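Shown below: entry04.csv, with CSV, C-alpha atoms.
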```csv
chain,number,residue,atom,x,y,z
A,1,MET,CA,102.3,129.3,-16.2
A,2,SER,CA,105.1,127.6,-14.2
A,3,GLU,CA,105.9,124.0,-14.9
A,4,LYS,CA,105.0,121.3,-12.4
A,5,TYR,CA,107.7,119.0,-11.0
A,6,TRP,CA,107.7,116.3,-8.4
A,7,TRP,CA,108.2,119.1,-5.8
A,8,GLY,CA,105.3,121.1,-7.1
A,9,THR,CA,105.6,124.6,-8.6
A,10,ARG,CA,107.4,127.7,-7.6
A,11,ALA,CA,104.2,129.1,-6.3
A,12,SER,CA,103.1,126.0,-4.4
A,13,ILE,CA,105.4,123.2,-3.3
A,14,SER,CA,104.1,119.6,-3.2
A,15,PRO,CA,103.2,117.8,0.1
A,16,ARG,CA,106.1,115.5,-0.5
A,17,LEU,CA,108.6,118.4,-0.5
A,18,GLN,CA,107.0,119.8,2.6
A,19,LEU,CA,107.6,116.4,4.3
A,20,GLU,CA,111.2,116.2,3.0
A,21,VAL,CA,111.9,119.7,4.4
A,22,GLU,CA,110.3,118.8,7.7
A,23,TYR,CA,112.1,115.5,8.1
A,24,MET,CA,115.5,116.9,7.1
A,25,GLY,CA,115.1,119.7,9.6
A,26,ARG,CA,114.0,117.4,12.4
A,27,THR,CA,116.9,115.0,11.8
A,28,PHE,CA,119.8,117.2,11.0
A,29,GLY,CA,118.7,120.6,12.3
A,30,ASP,CA,120.3,123.2,10.1
A,31,THR,CA,123.2,121.1,9.0
A,32,PHE,CA,121.7,120.6,5.6
A,33,ARG,CA,120.3,123.4,3.5
A,34,LEU,CA,118.0,123.1,0.5
A,35,GLU,CA,119.2,124.7,-2.7
A,36,TRP,CA,117.4,125.3,-6.0
A,37,GLU,CA,119.0,125.3,-9.4
A,38,PRO,CA,116.5,126.6,-11.8
A,39,PRO,CA,114.5,125.3,-13.5
A,40,GLU,CA,114.0,122.0,-11.7
A,41,ARG,CA,117.0,120.8,-9.7
A,42,LEU,CA,116.7,120.7,-6.0
A,43,TYR,CA,119.4,119.4,-3.7
A,44,TRP,CA,120.5,119.4,0.0
A,45,ILE,CA,124.0,120.5,0.9
A,46,GLY,CA,125.6,120.3,4.3
A,47,THR,CA,128.8,119.9,6.1
A,48,ILE,CA,129.2,117.1,8.6
A,49,GLU,CA,132.0,116.3,11.1
A,50,LEU,CA,133.3,112.8,11.2
A,51,ASN,CA,134.5,111.5,14.6
A,52,LEU,CA,137.5,109.5,13.6
A,53,SER,CA,141.0,110.0,14.9
A,54,GLN,CA,144.0,110.9,12.7
A,55,MET,CA,142.0,112.4,9.9
A,56,ARG,CA,143.4,115.3,7.9
A,57,TYR,CA,139.9,116.7,7.2
A,58,ARG,CA,137.2,116.0,9.7
A,59,HIS,CA,134.6,118.1,7.9
A,60,HIS,CA,133.0,116.7,4.8
A,61,THR,CA,130.5,118.5,2.6
A,62,LEU,CA,127.7,116.3,1.3
A,63,LYS,CA,125.4,117.0,-1.6
A,64,ILE,CA,122.1,115.1,-1.9
A,65,ILE,CA,120.5,115.7,-5.3
A,66,TYR,CA,116.9,114.9,-6.0
A,67,PRO,CA,116.4,113.2,-9.4
A,68,LYS,CA,113.8,114.1,-11.9
A,69,TYR,CA,111.7,111.1,-11.2
A,70,TYR,CA,111.8,111.4,-7.4
A,71,PRO,CA,110.7,109.5,-5.3
A,72,ASN,CA,110.5,106.6,-7.8
A,73,HIS,CA,114.3,107.1,-8.2
A,74,PRO,CA,116.4,107.7,-5.0
A,75,PRO,CA,118.4,110.9,-4.5
A,76,GLU,CA,122.0,110.8,-5.5
A,77,ALA,CA,124.7,111.5,-2.9
A,78,TYR,CA,128.1,113.1,-3.5
A,79,VAL,CA,131.0,114.2,-1.4
A,80,VAL,CA,131.7,117.7,-2.5
A,81,ALA,CA,134.7,118.4,-0.2
A,82,PRO,CA,137.3,117.1,0.3
A,83,LYS,CA,137.5,115.3,-3.0
A,84,ILE,CA,137.2,111.6,-2.5
A,85,TYR,CA,138.0,109.0,-5.2
A,86,SER,CA,137.3,105.5,-4.1
A,87,ASN,CA,137.9,102.3,-6.1
A,88,LYS,CA,135.1,100.9,-4.1
A,89,HIS,CA,131.4,101.8,-4.1
A,90,GLN,CA,131.6,105.0,-6.1
A,91,PHE,CA,130.6,105.7,-9.6
A,92,GLU,CA,132.9,107.4,-12.1
A,93,ASP,CA,131.2,110.8,-11.6
A,94,GLY,CA,131.8,110.6,-7.8
A,95,GLN,CA,128.3,109.5,-6.9
A,96,LEU,CA,128.3,107.2,-3.8
A,97,CYS,CA,126.9,103.7,-4.3
A,98,LEU,CA,124.8,103.2,-1.2
A,99,PHE,CA,122.5,100.2,-1.8
A,100,ASN,CA,121.6,97.6,-4.3
A,101,PRO,CA,118.1,98.0,-5.9
A,102,LYS,CA,117.9,94.2,-6.0
A,103,ASP,CA,117.7,94.2,-2.2
A,104,GLY,CA,114.2,95.5,-2.6
A,105,SER,CA,112.3,98.2,-0.8
A,106,GLN,CA,112.7,96.7,2.6
A,107,TYR,CA,116.5,97.1,2.6
A,108,GLY,CA,117.1,99.5,-0.1
A,109,TRP,CA,115.2,102.6,-1.4
A,110,ASN,CA,111.5,102.5,-0.7
A,111,PRO,CA,109.7,105.3,-2.6
A,112,SER,CA,106.8,105.3,-0.1
A,113,THR,CA,108.9,105.5,3.1
A,114,SER,CA,112.4,106.7,2.3
A,115,THR,CA,113.4,110.3,2.1
A,116,ALA,CA,116.5,112.5,1.7
A,117,VAL,CA,117.1,111.7,5.3
A,118,THR,CA,117.5,108.1,4.4
A,119,VAL,CA,120.1,108.8,1.8
A,120,ALA,CA,122.0,111.4,3.9
A,121,GLY,CA,122.2,108.8,6.7
A,122,TRP,CA,123.6,106.2,4.2
A,123,ALA,CA,126.1,108.7,2.9
A,124,ILE,CA,127.4,109.5,6.3
A,125,GLU,CA,127.7,105.7,7.0
A,126,TRP,CA,129.5,105.4,3.6
A,127,LEU,CA,132.1,107.9,4.7
A,128,TYR,CA,132.9,106.0,7.9
A,129,ALA,CA,133.1,102.7,5.9
A,130,TYR,CA,135.4,104.4,3.4
A,131,TYR,CA,137.8,105.6,6.0
A,132,THR,CA,137.7,102.3,7.7
A,133,TRP,CA,138.6,100.6,4.4
A,134,ARG,CA,141.4,103.1,3.9
A,135,ALA,CA,142.9,102.3,7.3
A,136,THR,CA,142.4,98.6,7.4
A,137,GLY,CA,141.9,97.4,3.9
A,138,ILE,CA,138.5,96.0,4.8
A,139,TRP,CA,135.2,97.5,3.8
A,140,PRO,CA,132.8,97.0,6.7
A,141,GLY,CA,129.6,95.1,5.8
A,142,VAL,CA,128.8,92.7,2.9
A,143,GLU,CA,129.9,93.9,-0.5
A,144,GLY,CA,128.3,93.3,-3.8
A,145,SER,CA,130.0,93.4,-7.2
A,146,ILE,CA,131.7,96.5,-8.4
A,147,ALA,CA,130.9,98.3,-11.7
A,148,LYS,CA,131.9,101.8,-12.6
A,149,SER,CA,129.0,102.4,-14.9
A,150,LYS,CA,125.8,103.6,-13.5
A,151,HIS,CA,124.0,101.3,-15.9
A,152,ARG,CA,125.1,98.4,-13.7
A,153,TRP,CA,124.4,98.9,-10.0
A,154,PHE,CA,126.7,97.6,-7.4
A,155,SER,CA,126.2,97.4,-3.8
A,156,TRP,CA,127.5,97.8,-0.3
A,157,LYS,CA,125.2,96.2,2.1
A,158,ARG,CA,125.1,97.8,5.5
B,1,MET,CA,103.7,81.0,7.4
B,2,PHE,CA,102.7,80.2,10.9
B,3,ILE,CA,99.4,78.8,9.7
B,4,ASP,CA,101.2,76.2,7.5
B,5,HIS,CA,103.2,75.2,10.5
B,6,LYS,CA,100.1,74.6,12.6
B,7,VAL,CA,98.5,72.6,9.8
B,8,GLN,CA,101.7,70.4,9.7
B,9,GLN,CA,101.4,69.9,13.4
B,10,MET,CA,97.8,68.8,13.2
B,11,SER,CA,98.6,66.5,10.3
B,12,LEU,CA,101.3,64.9,12.3
B,13,ARG,CA,99.0,64.4,15.2
B,14,GLY,CA,96.4,62.8,12.8
B,15,ASN,CA,99.1,60.3,11.5
B,16,GLN,CA,100.0,59.3,15.0
B,17,ILE,CA,96.3,58.6,15.8
B,18,TRP,CA,95.9,56.5,12.6
B,19,ALA,CA,99.0,54.5,13.4
B,20,PHE,CA,97.6,53.8,16.9
B,21,LEU,CA,94.3,52.6,15.4
B,22,MET,CA,96.1,50.4,12.9
B,23,ILE,CA,98.1,48.7,15.6
B,24,ALA,CA,94.9,48.3,17.7
B,25,THR,CA,93.2,46.7,14.6
B,26,MET,CA,96.1,44.3,14.1
B,27,ILE,CA,95.9,43.3,17.8
B,28,GLY,CA,92.2,42.8,17.5
B,29,PHE,CA,92.5,40.4,14.5
B,30,ALA,CA,95.1,38.5,16.4
B,31,LEU,CA,92.8,38.0,19.3
B,32,ALA,CA,89.7,37.6,17.0
B,33,ASP,CA,86.8,36.4,19.1
B,34,ALA,CA,83.3,38.1,19.0
B,35,SER,CA,83.7,40.2,22.1
B,36,ALA,CA,87.1,41.5,21.0
B,37,LEU,CA,85.7,42.3,17.6
B,38,ALA,CA,82.9,44.4,19.2
B,39,VAL,CA,85.4,46.3,21.3
B,40,LEU,CA,87.5,46.8,18.2
B,41,VAL,CA,84.6,48.2,16.1
B,42,ALA,CA,83.6,50.5,19.0
B,43,PHE,CA,87.2,51.6,19.2
B,44,LEU,CA,87.4,52.4,15.5
B,45,MET,CA,84.2,54.4,15.5
B,46,GLY,CA,85.5,56.4,18.5
B,47,GLY,CA,88.7,57.0,16.6
B,48,ALA,CA,86.8,58.2,13.5
B,49,VAL,CA,84.7,60.6,15.7
B,50,LEU,CA,87.9,61.9,17.4
B,51,MET,CA,89.5,62.5,14.0
B,52,SER,CA,86.5,64.4,12.7
B,53,LEU,CA,86.5,66.6,15.9
B,54,LEU,CA,90.2,67.2,15.6
B,55,ARG,CA,89.9,68.2,11.9
B,56,SER,CA,87.1,70.6,12.8
B,57,ALA,CA,89.1,72.1,15.6
B,58,ALA,CA,92.1,72.5,13.2
B,59,HIS,CA,89.8,74.2,10.6
B,60,HIS,CA,88.5,76.7,13.2
B,61,ARG,CA,91.9,77.4,14.5
B,62,GLN,CA,93.2,78.0,11.0
B,63,ARG,CA,90.3,80.5,10.5
B,64,ARG,CA,91.0,82.2,13.8
B,65,GLU,CA,94.7,82.5,13.0
B,66,ARG,CA,93.9,84.0,9.6
B,67,LEU,CA,92.0,86.6,11.3
B,68,ALA,CA,94.6,86.9,14.1
B,69,MET,CA,96.7,90.0,14.0
B,70,PRO,CA,100.3,90.0,12.8
B,71,LYS,CA,102.9,90.6,15.5
B,72,ASN,CA,103.5,94.2,14.5
B,73,MET,CA,99.9,95.2,14.2
B,74,SER,CA,99.1,98.4,16.0
B,75,GLN,CA,96.3,98.6,18.5
B,76,ALA,CA,94.5,101.1,16.3
B,77,ALA,CA,94.7,98.6,13.4
B,78,GLN,CA,93.3,95.8,15.6
B,79,ILE,CA,90.3,97.9,16.6
B,80,ALA,CA,89.7,99.1,13.0
B,81,GLN,CA,89.9,95.6,11.7
B,82,ASN,CA,87.5,94.3,14.3
B,83,GLN,CA,85.1,97.1,13.4
B,84,ALA,CA,85.3,96.3,9.7
B,85,MET,CA,84.5,92.6,10.3
B,86,HIS,CA,80.9,93.5,10.9
B,87,HIS,CA,80.6,94.8,7.3
B,88,PRO,CA,79.5,92.4,4.6
B,89,ASP,CA,82.3,93.4,2.3
B,90,PHE,CA,85.0,92.9,5.0
B,91,SER,CA,88.2,91.5,3.5
B,92,ILE,CA,91.1,89.8,5.1
B,93,ALA,CA,93.1,89.4,1.9
B,94,TYR,CA,95.5,92.1,3.0
B,95,SER,CA,97.4,92.4,6.3
B,96,LEU,CA,96.6,95.6,8.1
B,97,LEU,CA,99.5,96.8,10.2
B,98,ASP,CA,98.5,100.4,11.1
B,99,ILE,CA,96.0,103.0,10.4
B,100,GLY,CA,95.7,106.6,11.5
B,101,LEU,CA,95.4,110.3,10.7
B,102,LEU,CA,98.0,112.9,10.0
B,103,LEU,CA,97.2,116.5,10.9
B,104,ASP,CA,98.9,119.4,9.2
B,105,GLU,CA,99.5,122.5,11.4
B,106,TYR,CA,101.1,125.7,10.4
B,107,GLN,CA,103.2,127.2,13.2
B,108,ARG,CA,105.5,130.1,13.4
B,109,ASN,CA,108.5,128.1,12.3
B,110,GLY,CA,106.8,126.2,9.5
B,111,LEU,CA,104.6,123.2,8.8
B,112,TYR,CA,104.2,120.5,11.3
B,113,VAL,CA,102.7,117.1,10.5
B,114,ARG,CA,101.7,114.9,13.4
B,115,ARG,CA,99.7,111.8,14.0
B,116,VAL,CA,96.5,112.4,15.9
B,117,LYS,CA,93.8,110.3,17.5
B,118,SER,CA,91.2,113.0,17.5
B,119,VAL,CA,91.0,116.0,15.3
B,120,SER,CA,90.4,119.7,16.0
B,121,THR,CA,89.1,121.8,13.1
B,122,ALA,CA,91.5,124.5,14.1
B,123,GLY,CA,94.2,122.5,12.3
B,124,HIS,CA,95.1,123.1,8.7
B,125,ALA,CA,94.3,119.9,6.9
B,126,LEU,CA,93.8,116.2,7.6
B,127,ARG,CA,94.6,113.1,5.7
B,128,PRO,CA,94.6,109.4,6.6
B,129,TYR,CA,97.3,106.9,6.2
B,130,VAL,CA,97.5,103.1,6.3
B,131,ILE,CA,100.3,100.6,6.5
B,132,LEU,CA,99.7,97.3,4.8
B,133,GLY,CA,101.9,94.2,5.1
B,134,CYS,CA,102.8,92.1,2.1
B,135,ASP,CA,104.5,88.7,2.6
B,136,LYS,CA,104.7,87.9,-1.1
B,137,LYS,CA,108.2,88.3,-2.5
B,138,GLY,CA,108.8,89.1,-6.2
B,139,GLU,CA,107.2,91.7,-8.4
B,140,PRO,CA,105.1,94.3,-6.7
B,141,SER,CA,101.4,93.7,-7.3
B,142,PRO,CA,99.0,96.5,-8.0
B,143,ILE,CA,96.1,97.2,-5.7
B,144,LEU,CA,93.3,99.7,-5.8
B,145,LEU,CA,93.1,101.6,-2.6
B,146,ARG,CA,90.2,103.8,-1.5
B,147,PHE,CA,90.1,106.0,1.6
B,148,GLU,CA,86.8,107.4,2.8
B,149,MET,CA,86.0,109.7,5.7
B,150,ILE,CA,82.4,109.9,6.8
B,151,ASP,CA,81.2,112.4,9.3
B,152,HIS,CA,78.9,111.8,12.3
B,153,GLN,CA,75.9,112.7,10.1
B,154,GLY,CA,76.8,110.0,7.5
B,155,GLN,CA,78.1,112.6,5.0
B,156,LEU,CA,81.0,111.6,2.9
B,157,GLN,CA,83.6,114.3,3.6
B,158,TYR,CA,86.7,112.8,1.9
B,159,VAL,CA,87.4,110.3,-0.8
B,160,TYR,CA,90.7,109.4,-2.2
B,161,GLU,CA,91.4,106.5,-4.6
B,162,THR,CA,94.8,105.5,-5.8
B,163,GLU,CA,96.5,102.5,-7.4
B,164,HIS,CA,99.4,101.3,-5.4
B,165,PHE,CA,102.0,98.7,-6.0
B,166,LEU,CA,102.3,96.5,-3.0
B,167,ARG,CA,105.8,95.5,-2.3
B,168,PHE,CA,107.2,92.8,0.0
B,169,GLY,CA,107.3,94.1,3.6
B,170,GLU,CA,105.5,97.1,5.0
B,171,ASN,CA,103.8,99.5,2.7
B,172,ALA,CA,103.0,102.9,4.1
B,173,ILE,CA,100.4,104.6,2.0
B,174,VAL,CA,99.7,108.3,2.5
B,175,PRO,CA,97.3,110.1,0.1
B,176,ASN,CA,98.5,113.3,-1.5
B,177,TYR,CA,95.1,114.9,-1.1
B,178,ARG,CA,94.1,116.5,2.3
B,179,LEU,CA,90.8,117.4,3.7
B,180,PRO,CA,90.9,121.2,4.5
B,181,LEU,CA,89.8,121.8,8.1
B,182,LYS,CA,90.2,125.4,9.0
B,183,GLY,CA,87.4,127.5,7.6
B,184,ASN,CA,85.7,124.5,6.0
B,185,ALA,CA,82.0,125.3,6.3
B,186,LYS,CA,81.0,121.7,5.3
B,187,LEU,CA,82.4,120.1,8.4
B,188,GLY,CA,79.6,121.0,10.8
B,189,SER,CA,79.6,120.3,14.5
B,190,SER,CA,81.7,117.9,16.6
B,191,GLY,CA,81.1,114.2,16.4
B,192,GLN,CA,82.5,110.8,15.7
B,193,TRP,CA,83.8,110.2,12.2
B,194,LEU,CA,84.6,107.0,10.4
B,195,LEU,CA,87.7,106.3,8.2
B,196,ASN,CA,87.1,103.4,5.9
B,197,VAL,CA,89.9,101.8,3.9
B,198,TRP,CA,89.0,99.6,1.0
B,199,VAL,CA,91.4,97.5,-1.0
B,200,ASP,CA,90.3,96.0,-4.3
B,201,GLY,CA,86.6,96.5,-3.3
B,202,GLY,CA,87.0,94.8,0.2
B,203,LEU,CA,86.8,96.7,3.4
B,204,VAL,CA,90.0,96.2,5.4
B,205,ALA,CA,89.6,98.8,8.2
B,206,SER,CA,87.0,101.0,9.7
B,207,HIS,CA,88.7,103.5,12.1
B,208,GLN,CA,86.6,105.7,14.4
B,209,PHE,CA,87.8,109.0,15.6
B,210,MET,CA,86.5,112.2,17.1
B,211,VAL,CA,86.3,115.5,15.4
B,212,TYR,CA,86.0,118.6,17.6
B,213,ALA,CA,84.7,121.8,16.0
B,214,THR,CA,86.8,124.3,17.9
B,215,GLU,CA,86.0,127.4,15.8
B,216,LYS,CA,83.2,128.8,13.8
B,217,THR,CA,83.4,127.2,10.4
B,218,THR,CA,81.2,129.7,8.6
B,219,ASN,CA,83.1,131.8,6.2
B,220,ALA,CA,80.8,134.7,5.8
B,221,SER,CA,79.6,137.1,8.4
B,222,ALA,CA,76.1,138.5,8.6
B,223,ASP,CA,76.7,141.1,6.0
B,224,GLY,CA,78.1,138.6,3.6
B,225,GLU,CA,81.7,139.7,4.0
B,226,VAL,CA,84.5,137.3,4.9
B,227,PRO,CA,85.8,138.5,8.2
B,228,LEU,CA,89.3,140.1,7.9
B,229,THR,CA,90.6,138.0,10.8
B,230,GLN,CA,89.7,134.8,9.0
B,231,VAL,CA,91.3,136.0,5.8
B,232,SER,CA,94.6,136.6,7.6
B,233,GLN,CA,94.4,133.1,9.2
B,234,GLU,CA,93.6,131.3,5.9
B,235,PRO,CA,96.5,129.0,5.2
B,236,MET,CA,98.2,129.8,1.9
B,237,PRO,CA,100.2,127.4,-0.3
B,238,ILE,CA,103.9,127.5,0.5
B,239,SER,CA,106.1,128.7,-2.3
B,240,LEU,CA,109.5,127.4,-3.0
B,241,GLU,CA,111.0,130.8,-2.3
B,242,GLU,CA,109.4,130.8,1.1
B,243,VAL,CA,110.9,127.4,2.0
B,244,LEU,CA,114.3,128.5,0.9
B,245,ALA,CA,114.0,131.8,2.7
B,246,GLN,CA,112.9,130.1,6.0
B,247,GLN,CA,116.3,128.5,6.0
B,248,ASN,CA,118.1,131.8,5.8
B,249,SER,CA,116.5,133.2,8.9
B,250,GLY,CA,118.1,130.6,11.1
B,251,ALA,CA,121.0,129.4,9.0
B,252,LYS,CA,124.2,128.6,10.9
B,253,LEU,CA,126.3,126.7,8.3
```
Rewrite the structure from the file as structure tokens, please.
Amino acid sequence: MSEKYWWGTRASISPRLQLEVEYMGRTFGDTFRLEWEPPERLYWIGTIELNLSQMRYRHHTLKIIYPKYYPNHPPEAYVVAPKIYSNKHQFEDGQLCLFNPKDGSQYGWNPSTSTAVTVAGWAIEWLYAYYTWRATGIWPGVEGSIAKSKHRWFSWKR
Amino acid sequence: MFIDHKVQQMSLRGNQIWAFLMIATMIGFALADASALAVLVAFLMGGAVLMSLLRSAAHHRQRRERLAMPKNMSQAAQIAQNQAMHHPDFSIAYSLLDIGLLLDEYQRNGLYVRRVKSVSTAGHALRPYVILGCDKKGEPSPILLRFEMIDHQGQLQYVYETEHFLRFGENAIVPNYRLPLKGNAKLGSSGQWLLNVWVDGGLVASHQFMVYATEKTTNASADGEVPLTQVSQEPMPISLEEVLAQQNSGAKL
């Protein structure tokens, strides 16, 4: 008998995953693709094009990983290519810091209404903010405190 | 919030009236003859009656405003709340923002979920949703939520109960469980159904909608066999492999 995860089982996926697939498809078309790493890890991977001038690489590959306790925990977003190391708003392992849980469900992650689409959108926004910061020295938006450990969240308010 | 503001306004108006009466009393004492005293007494009594009328009006206005819809309340929610008001267990403890139905439909290129006002039994499955507003900041508070769908014959067709933690802002609550439509022999003929939403034992919304029986819902044919056509149309659970494979067919990465 197959084990049951938040996304259901191999034989029958959960309504939540059905919605995730539908919303990602509706929002991004076929830009993102769902991948499965047995036994339980599911993630979206897709390449987006940034519309900024004077960039060496316009295309960026994003990976949105569903955590074990999804949707109570938000998906994690990473830039797979090109490699980006930012002193600001990025954890040691490369995970993008996209919101502050202290902001609450209205501004941050809301398990009942947010989806992978939410996080993918934030990740794209993060990339634009990152390149703006690289060019101007100013990170757009209101910034929170910075900590490299995932045990202490830090934020960038959009 | 806006209720408090109104109460403050009424309170200010009351203070102004009392100040006016006090000044009138002082003038009366200054003039102090019998006729002036009679006028003063009449004036004070009139003032007291006026105050009582104003307080009563303020009380009614407060009650009306409590029942009044929030700015972002949908039309469906307004109608559902008005309908629920006739029930003895009606509750206004929670702010209803929206209510409706989500219909699952399988099409060639996958599953589609759409909001519907009326329901055709040709669809795959149905489930309700509700959006509740919460203006209390701080820790999310638990509520017991119950959805009921009752058919036109008064039969309970769907019940879903869940504990939900209400957070500040809008709370969209969608049950995991769906009412199967296609091939469901229990649905019967077309008619008007009722979706009731209960929170902590109080009825917050009563939403009416039409269900149209657009196909025969009997599973078995005269000889007791399930028709082959129906077997092939029976929606099957979607496997993970299917979802992943669907992407391959149109992948353009």
Nearest to Val159 (chain B): which of B:Ile173, B:Val116, B:Val130, B:Val197 is it, counting only C-alpha atoms?
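Checking each of B:Ile173, B:Val116, B:Val130, B:Val197 against Val159 (chain B), counting only C-alpha atoms, the winner is B:Val197.
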Could you list the residues in chain B lying within 10 Å of chain A, using only C-alpha atoms, and format the result as a PyMOL selection string?
chain B and resi 110-113+137-139+164+167-178+236-245+247-248+250-253
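With CA of Gly183 (chain B) on one side and CA of Val211 (chain B) on the other, the separation reads 14.4 Å.
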Just give me the gap between CA of Phe28 (chain A) and CA of Glu40 (chain A) in Å, one decimal is fine.
23.9 Å
Calculate how many Å separate CA of Leu126 (chain B) from CA of Asn72 (chain B), rounding to one decimal.
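Calculated distance between CA of Leu126 (chain B) and CA of Asn72 (chain B) is 25.0 Å.
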Please determine, counting only C-alpha atoms, which residue among B:Met149, B:Ile27, B:Ile17, B:Val199 has the shortest atom-to-atom distance to Val49 (chain B).
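Among the listed residues, the smallest separation from Val49 (chain B) belongs to B:Ile17.
Nearest to Tyr85 (chain A) of all the residues A:Tyr131, A:Ser114, A:Asn100, A:Ile138 is A:Tyr131, counting only C-alpha atoms.
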Quick one: residues within 10 Å of Glu163 (chain B), all atoms listed in the file, excluding same-chain residues fewer than 2 positions away - as a list in words?
Pro142, Ile143, Leu144, Leu145, Arg146, Glu161, Phe165, Leu166, Val199 and Asp200 of chain B
Applying 10 Å and all atoms listed in the file, which residues near Gly94 (chain A) remain after dropping the ones on its own chain fewer than 4 positions away? List them as a PyMOL selection string.
chain A and resi 77-80+83-86+89-90
Shell of 8 Å around Ala116 (chain A), only C-alpha atoms, local chain residues under 6 positions omitted, as an NGL selection string
:A and (20 or 24 or 64 or 75)
How would you write as an MDAnalysis selection string the residues that get within 12 Å of (132.4, 104.6, 4.7) in the file's frame, counting all atoms listed in the file?
chainID A and resid 50 52 79 84 86 88:90 96:98 121:141 156:158
Tell me which of A:Thr115, A:Ala81, A:Glu76, A:Lys68 sits closest to Pro39 (chain A), counting only C-alpha atoms.
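Residue with the minimum atom-to-atom distance to Pro39 (chain A): A:Lys68.
Near (82.8, 108.6, 14.7), the residues inside the 9 Å limit, counting all atoms listed in the file, come to Ile150, Asp151, His152, Gly191, Gln192, Trp193, Leu194, Leu195, His207, Gln208, Phe209, Met210 and Val211 of chain B.
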